[in-house]
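*Asks:* Contents of data_9.tsv (TSV, C-alpha atoms) are given next:
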```tsv
chain	number	residue	atom	x	y	z
A	1	MET	CA	60.29	62.41	92.79
A	2	ASN	CA	58.37	60.60	95.53
A	3	ASP	CA	60.97	58.82	97.67
A	4	LEU	CA	58.39	56.50	99.25
A	5	VAL	CA	58.93	53.02	97.83
A	6	LEU	CA	56.53	51.19	100.13
A	7	GLU	CA	53.58	52.46	102.14
A	8	CYS	CA	51.21	50.57	104.39
A	9	ILE	CA	47.89	52.34	105.09
A	10	ASP	CA	45.64	51.22	107.97
A	11	LEU	CA	46.33	47.57	107.16
A	12	LYS	CA	44.10	45.08	108.97
A	13	LYS	CA	43.98	41.31	108.86
A	14	HIS	CA	41.74	38.95	110.74
A	15	TYR	CA	41.00	35.27	110.52
A	16	GLY	CA	37.67	33.92	111.60
A	17	GLU	CA	35.57	30.81	111.68
A	18	GLY	CA	32.11	30.89	113.15
A	19	ASP	CA	32.00	33.14	116.18
A	20	ILE	CA	35.78	33.11	116.65
A	21	THR	CA	37.82	35.95	115.13
A	22	VAL	CA	41.55	36.40	115.52
A	23	GLU	CA	42.78	39.95	114.90
A	24	VAL	CA	46.35	39.71	113.58
A	25	LEU	CA	46.90	43.25	112.27
A	26	GLN	CA	44.83	46.11	113.66
A	27	GLY	CA	45.55	49.10	111.46
A	28	VAL	CA	49.26	48.96	110.64
A	29	GLN	CA	50.83	52.17	109.28
A	30	LEU	CA	54.29	52.08	107.71
A	31	GLN	CA	56.38	54.10	105.29
A	32	VAL	CA	59.65	52.91	103.75
A	33	ARG	CA	61.78	55.42	101.87
A	34	ARG	CA	64.19	54.87	99.04
A	35	GLY	CA	67.51	53.51	100.32
A	36	GLU	CA	66.17	52.86	103.84
A	37	THR	CA	66.81	49.67	105.79
A	38	LEU	CA	64.14	48.60	108.25
A	39	ALA	CA	63.88	45.66	110.65
A	40	ILE	CA	60.53	44.34	111.92
A	41	VAL	CA	60.84	42.37	115.16
A	42	GLY	CA	58.26	40.79	117.44
A	43	SER	CA	57.42	37.64	119.32
A	44	SER	CA	56.58	34.40	117.53
A	45	GLY	CA	52.97	34.47	116.37
A	46	SER	CA	52.75	38.27	116.39
A	47	GLY	CA	51.98	38.36	112.66
A	48	LYS	CA	55.34	39.45	111.22
A	49	SER	CA	55.32	37.00	108.32
A	50	THR	CA	51.65	37.77	107.65
A	51	LEU	CA	52.53	41.45	107.43
A	52	LEU	CA	55.48	40.79	105.14
A	53	ASN	CA	53.32	38.67	102.81
A	54	MET	CA	50.83	41.51	102.52
A	55	LEU	CA	53.60	44.06	101.92
A	56	GLY	CA	54.54	41.87	98.95
A	57	GLY	CA	50.98	41.35	97.75
A	58	LEU	CA	51.17	37.61	98.44
A	59	ASP	CA	48.24	37.73	100.87
A	60	LEU	CA	45.16	39.95	100.85
A	61	PRO	CA	44.29	42.21	103.80
A	62	SER	CA	40.89	42.32	105.45
A	63	SER	CA	41.02	46.07	104.86
A	64	GLY	CA	43.57	48.82	104.20
A	65	ASP	CA	46.10	49.13	101.43
A	66	VAL	CA	49.74	48.73	100.50
A	67	ARG	CA	51.30	51.02	97.90
A	68	VAL	CA	54.49	50.14	96.03
A	69	ASP	CA	56.13	52.91	94.01
A	70	ASP	CA	52.89	54.87	94.57
A	71	ARG	CA	50.68	52.12	93.10
A	72	SER	CA	48.11	50.18	95.10
A	73	LEU	CA	48.78	46.46	95.34
A	74	PHE	CA	45.16	45.60	96.00
A	75	GLU	CA	43.21	47.84	93.61
A	76	ILE	CA	44.59	46.01	90.58
A	77	SER	CA	44.13	42.57	89.06
A	78	GLU	CA	46.18	39.57	90.20
A	79	GLN	CA	48.01	39.66	86.85
A	80	ALA	CA	48.90	43.33	87.30
A	81	ARG	CA	49.91	42.65	90.92
A	82	ALA	CA	52.29	39.89	89.81
A	83	LYS	CA	53.81	42.25	87.23
A	84	LEU	CA	54.27	44.98	89.85
A	85	ARG	CA	55.91	42.48	92.22
A	86	ASN	CA	58.27	41.36	89.47
A	87	ARG	CA	59.36	44.90	88.66
A	88	SER	CA	59.42	46.63	92.03
A	89	LEU	CA	59.94	44.01	94.76
A	90	GLY	CA	62.46	41.32	95.61
A	91	PHE	CA	61.94	38.47	98.07
A	92	VAL	CA	64.39	36.53	100.25
A	93	TYR	CA	63.27	33.85	102.71
A	94	GLN	CA	64.84	31.84	105.52
A	95	PHE	CA	64.91	28.84	103.19
A	96	HIS	CA	66.34	29.97	99.87
A	97	HIS	CA	63.72	28.27	97.65
A	98	LEU	CA	66.18	27.77	94.81
A	99	LEU	CA	65.20	25.38	92.03
A	100	PRO	CA	67.50	22.36	92.54
A	101	GLU	CA	67.70	21.34	88.89
A	102	PHE	CA	69.01	24.73	87.75
A	103	THR	CA	72.41	26.40	88.18
A	104	ALA	CA	73.01	29.50	90.25
A	105	LEU	CA	73.00	31.58	87.07
A	106	GLU	CA	69.72	30.06	85.88
A	107	ASN	CA	68.06	30.54	89.28
A	108	VAL	CA	69.02	34.21	89.34
A	109	ALA	CA	67.84	34.67	85.76
A	110	MET	CA	64.31	33.36	86.41
A	111	PRO	CA	62.59	36.69	87.25
A	112	LEU	CA	63.96	38.26	84.05
A	113	LEU	CA	63.06	35.23	81.94
A	114	ILE	CA	59.52	35.46	83.31
A	115	ARG	CA	59.44	39.01	81.94
A	116	GLY	CA	60.38	37.64	78.54
A	117	GLU	CA	63.66	39.52	78.26
A	118	ASP	CA	66.39	38.54	75.79
A	119	ILE	CA	68.33	35.50	77.00
A	120	SER	CA	71.78	36.90	76.21
A	121	VAL	CA	71.03	40.11	78.12
A	122	VAL	CA	69.57	38.09	80.99
A	123	ARG	CA	72.67	35.91	81.30
A	124	LYS	CA	74.97	38.93	81.34
A	125	GLN	CA	72.86	40.76	83.93
A	126	SER	CA	72.51	37.68	86.14
A	127	ALA	CA	76.25	37.00	86.02
A	128	ALA	CA	76.95	40.62	87.01
A	129	ILE	CA	74.65	40.39	90.05
A	130	LEU	CA	76.21	37.10	91.13
A	131	ASP	CA	79.62	38.75	90.86
A	132	SER	CA	78.38	41.58	93.11
A	133	VAL	CA	77.52	39.04	95.83
A	134	GLY	CA	80.88	37.30	95.47
A	135	LEU	CA	79.79	34.26	93.47
A	136	SER	CA	81.33	34.78	90.03
A	137	HIS	CA	83.11	31.44	90.50
A	138	ARG	CA	79.85	29.57	91.18
A	139	LEU	CA	77.74	30.48	88.13
A	140	GLU	CA	77.33	26.92	86.86
A	141	HIS	CA	76.97	25.25	90.26
A	142	LYS	CA	73.60	23.80	91.25
A	143	PRO	CA	72.27	24.46	94.78
A	144	SER	CA	73.38	21.03	96.04
A	145	MET	CA	76.97	22.04	95.25
A	146	LEU	CA	76.78	25.26	97.28
A	147	SER	CA	77.13	25.95	100.99
A	148	GLY	CA	74.21	27.35	102.99
A	149	GLY	CA	75.67	30.85	102.86
A	150	GLU	CA	76.28	30.60	99.13
A	151	ARG	CA	72.72	29.46	98.51
A	152	GLN	CA	71.43	32.45	100.45
A	153	ARG	CA	73.68	34.72	98.39
A	154	VAL	CA	72.15	33.27	95.23
A	155	ALA	CA	68.70	33.98	96.66
A	156	ILE	CA	69.72	37.58	97.39
A	157	ALA	CA	71.11	37.94	93.86
A	158	ARG	CA	67.82	36.63	92.45
A	159	ALA	CA	65.96	39.25	94.50
A	160	LEU	CA	68.24	42.02	93.21
A	161	VAL	CA	68.45	41.09	89.52
A	162	THR	CA	65.27	42.99	88.62
A	163	ASN	CA	66.66	46.17	90.24
A	164	PRO	CA	63.69	46.38	92.64
A	165	ALA	CA	62.77	49.41	94.69
A	166	CYS	CA	62.56	47.28	97.84
A	167	VAL	CA	63.63	43.81	98.96
A	168	LEU	CA	61.48	42.00	101.53
A	169	MET	CA	63.38	39.49	103.68
A	170	ASP	CA	61.85	36.93	106.03
A	171	GLU	CA	64.41	35.60	108.54
A	172	PRO	CA	67.26	35.73	105.98
A	173	THR	CA	69.85	34.54	108.52
A	174	GLY	CA	67.56	32.18	110.45
A	175	ASN	CA	68.91	29.03	108.81
A	176	LEU	CA	72.59	30.04	108.92
A	177	ASP	CA	75.33	29.68	111.52
A	178	ARG	CA	76.46	32.87	113.27
A	179	HIS	CA	79.54	33.47	111.10
A	180	THR	CA	77.66	32.97	107.83
A	181	GLY	CA	74.81	35.10	109.13
A	182	GLN	CA	77.27	37.93	109.79
A	183	GLU	CA	78.57	37.59	106.22
A	184	VAL	CA	75.03	37.94	104.89
A	185	GLN	CA	74.49	41.00	107.12
A	186	ALA	CA	77.63	42.63	105.73
A	187	LEU	CA	76.55	41.78	102.19
A	188	MET	CA	73.13	43.39	102.69
A	189	ASN	CA	74.69	46.57	104.07
A	190	GLY	CA	77.13	46.76	101.18
A	191	LEU	CA	74.41	46.24	98.57
A	192	ASN	CA	72.23	48.87	100.20
A	193	SER	CA	75.09	51.38	100.05
A	194	GLU	CA	76.04	50.45	96.48
A	195	PHE	CA	72.61	50.23	94.85
A	196	GLY	CA	70.40	52.33	97.17
A	197	ILE	CA	67.84	49.52	97.39
A	198	SER	CA	65.53	49.54	100.42
A	199	PHE	CA	65.44	46.47	102.65
A	200	VAL	CA	62.59	45.42	104.96
A	201	VAL	CA	63.74	42.55	107.17
A	202	VAL	CA	61.53	40.45	109.43
A	203	THR	CA	63.83	38.80	111.95
A	204	HIS	CA	64.33	37.33	115.41
A	205	ASP	CA	68.06	38.02	114.99
A	206	LEU	CA	68.62	41.13	117.12
A	207	GLU	CA	72.18	41.51	115.82
A	208	LEU	CA	70.80	41.73	112.27
A	209	ALA	CA	68.04	44.09	113.39
A	210	GLN	CA	70.54	46.44	115.04
A	211	LYS	CA	72.39	46.85	111.76
A	212	GLN	CA	69.32	48.27	110.03
A	213	GLY	CA	68.66	51.98	109.90
A	214	ARG	CA	65.35	51.68	111.75
A	215	VAL	CA	63.72	49.04	113.93
A	216	VAL	CA	59.99	48.63	114.61
A	217	GLU	CA	58.20	46.05	116.73
A	218	LEU	CA	54.93	44.36	115.82
A	219	LYS	CA	52.97	44.06	119.04
A	220	ASP	CA	49.23	43.69	119.60
A	221	GLY	CA	48.65	44.07	115.87
A	222	LEU	CA	50.41	47.44	115.55
A	223	LEU	CA	53.92	48.66	114.71
A	224	GLN	CA	55.86	50.86	117.09
A	225	PRO	CA	59.43	52.17	116.88
A	226	ILE	CA	61.92	50.71	119.34
A	227	THR	CA	65.60	51.12	120.16
A	228	LEU	CA	67.74	48.03	120.58
A	229	SER	CA	70.69	48.29	122.98
```
For the file at hand, write its structure as structure tokens.
*Replies:*
Amino acid sequence: MNDLVLECIDLKKHYGEGDITVEVLQGVQLQVRRGETLAIVGSSGSGKSTLLNMLGGLDLPSSGDVRVDDRSLFEISEQARAKLRNRSLGFVYQFHHLLPEFTALENVAMPLLIRGEDISVVRKQSAAILDSVGLSHRLEHKPSMLSGGERQRVAIARALVTNPACVLMDEPTGNLDRHTGQEVQALMNGLNSEFGISFVVVTHDLELAQKQGRVVELKDGLLQPITLS
């Protein structure tokens, strides 16, 4: 079985208006293997979030391709791309983006409900994932009743409930205090060990980056491996 869950092939992105062109990505190459944890670091404005959005098929490249579970994200229709995202990728952002009118359980259930799966199965599966992130006692709480760390745990549970091949995370600890950020780091490491899910983390948090299996830096539109001391 191919153990590549995510592959980035000569990915380029530029923005232009008139005679002005800004080259953001200049031929990015990247491979992420099953069960791997990877941190992408770089200065502000280097294009990290742009890259992450293209890895998730949320933004289109100027050229190049991204393959998820050996399927191209950009050689298929938008409908097929959304389906592939739902089945193979999870997303966690700096701001949790939970729906305020729904409970933790209902927020986590959303990706499965979008698939049209049976509601009783969905509730059971969502409750199990919330238990795995330590929130079995918060199932019926709405986001306003949860702490910042708990809301981020709900967001992580929502990303995991579809059993994705890879979870993409954009500054997952950026809106948390240091202690809560460390708790989220420990949770990610535990979930990676337990479920074998790959994590790709864009972050300015060097402590979080150091805890990933591999670290790359986005600089001048290209990725290069680095070692953090």
*Asks:* Per residue of region 155-228 of chain A within 6 Å of region 94-115 of chain A, which atom pair is closest and at what distance in Å (one decimal), using only C-alpha atoms, listed by chain and increasing number, as JSON lines?
*Replies:*
```
{"residue": "A:Ala155", "atom": "CA", "partner": "A:His96", "partner_atom": "CA", "distance": 5.7}
{"residue": "A:Arg158", "atom": "CA", "partner": "A:Val108", "partner_atom": "CA", "distance": 4.1}
{"residue": "A:Asp170", "atom": "CA", "partner": "A:Gln94", "partner_atom": "CA", "distance": 5.9}
{"residue": "A:Glu171", "atom": "CA", "partner": "A:Gln94", "partner_atom": "CA", "distance": 4.8}
{"residue": "A:Pro172", "atom": "CA", "partner": "A:Gln94", "partner_atom": "CA", "distance": 4.6}
{"residue": "A:Gly174", "atom": "CA", "partner": "A:Gln94", "partner_atom": "CA", "distance": 5.6}
{"residue": "A:Asn175", "atom": "CA", "partner": "A:Gln94", "partner_atom": "CA", "distance": 5.9}
```
*Asks:* Tell me, in Å to one decimal, how far CA of Val201 (chain A) is from CA of Leu38 (chain A).
*Replies:*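 CA of Leu38 (chain A) lies 6.2 Å from CA of Val201 (chain A).
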*Asks:* What is the distance between CA of Gln125 (chain A) and CA of Gln182 (chain A), in Å to one decimal?
*Replies:*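 Pair CA of Gln125 (chain A) / CA of Gln182 (chain A) returns 26.4 Å.
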*Asks:* Record the distance separating CA of Val24 (chain A) and CA of Ile9 (chain A), expressed in Å with one decimal.
*Replies:*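 Interatomic distance, CA of Val24 (chain A) to CA of Ile9 (chain A): 15.3 Å.
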*Asks:* Between A:Met188, A:Ala159, A:Met145, A:Leu52, which one has atoms that come closest to Ile40 (chain A), using only C-alpha atoms?
*Replies:*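 Using only C-alpha atoms, the shortest distance to Ile40 (chain A) belongs to A:Leu52.
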*Asks:* May I have the protein, DNA and RNA residues with any atom at most 10 Å from the point (77.7, 46.6, 110.4), counting all atoms listed in the file, written as a list in words?
*Replies:* Gln182, Glu183, Gln185, Ala186, Leu187, Met188, Asn189, Gly190, Glu207, Leu208, Gln210, Lys211 and Gln212 of chain A
*Asks:* Which residue out of A:Gly16, A:Leu60, A:Val122, A:Thr21 has the minimum interatomic distance to Glu78 (chain A) when all atoms listed in the file are used?
*Replies:*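 Nearest candidate to Glu78 (chain A) out of A:Gly16, A:Leu60, A:Val122, A:Thr21: A:Leu60.
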*Asks:* Can you pull out every residue within 9 Å of Leu25 (chain A), counting only C-alpha atoms, but drop anything in the same chain fewer than 2 positions away, and send it as a list in words?
*Replies:* Leu11, Lys12, Lys13, His14, Glu23, Gly27, Val28, Ser46, Gly47, Thr50, Leu51, Pro61, Leu218, Asp220, Gly221 and Leu222 of chain A
*Asks:* Using only C-alpha atoms, which of the listed residues (A:Gly90, A:Gly213, A:Gly196, A:Gly116) sits closest to Ile156 (chain A)?
*Replies:*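 Looking at the shortest contact to Ile156 (chain A), the residue is A:Gly90.
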*Asks:* Kindly list the centre and edge lengths in Å, rounded to one decimal, for the axis-aligned box that covers all listed atoms of region 200-212 of chain A plus 4 Å on each of its six sides, as JSON.
*Replies:*
```
{"center_x": 67.0, "center_y": 42.8, "center_z": 111.0, "size_x": 18.9, "size_y": 18.9, "size_z": 20.2}
```
*Asks:* Return the single residue from A:Val200, A:Val154, A:Ala80, A:Leu146 that is closest to Ser49 (chain A), with distances computed using all atoms listed in the file.
*Replies:*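 Selected residue with least distance to Ser49 (chain A): A:Val200.
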*Asks:* May I have the residues within 9 Å of Asp10 (chain A) as JSON, numbers by chain, using all atoms listed in the file and disregarding those fewer than 6 positions away in the same chain?
*Replies:* {"A": [26, 27, 28, 29, 30, 63, 64, 65, 66]}
*Asks:* Which of these residues is nearest to Leu55 (chain A), using all atoms listed in the file: A:Arg85, A:Lys124, A:Arg214, A:Arg138?
*Replies:*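 With all atoms listed in the file as the atom set, the closest residue is A:Arg85.
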*Asks:* Of the candidates A:Val202, A:Val41, A:Gly35, A:Glu7, which one gets nearest to Glu217 (chain A) if we count only C-alpha atoms?
*Replies:*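 Answer, going by the shortest atom-to-atom distance: A:Val41.
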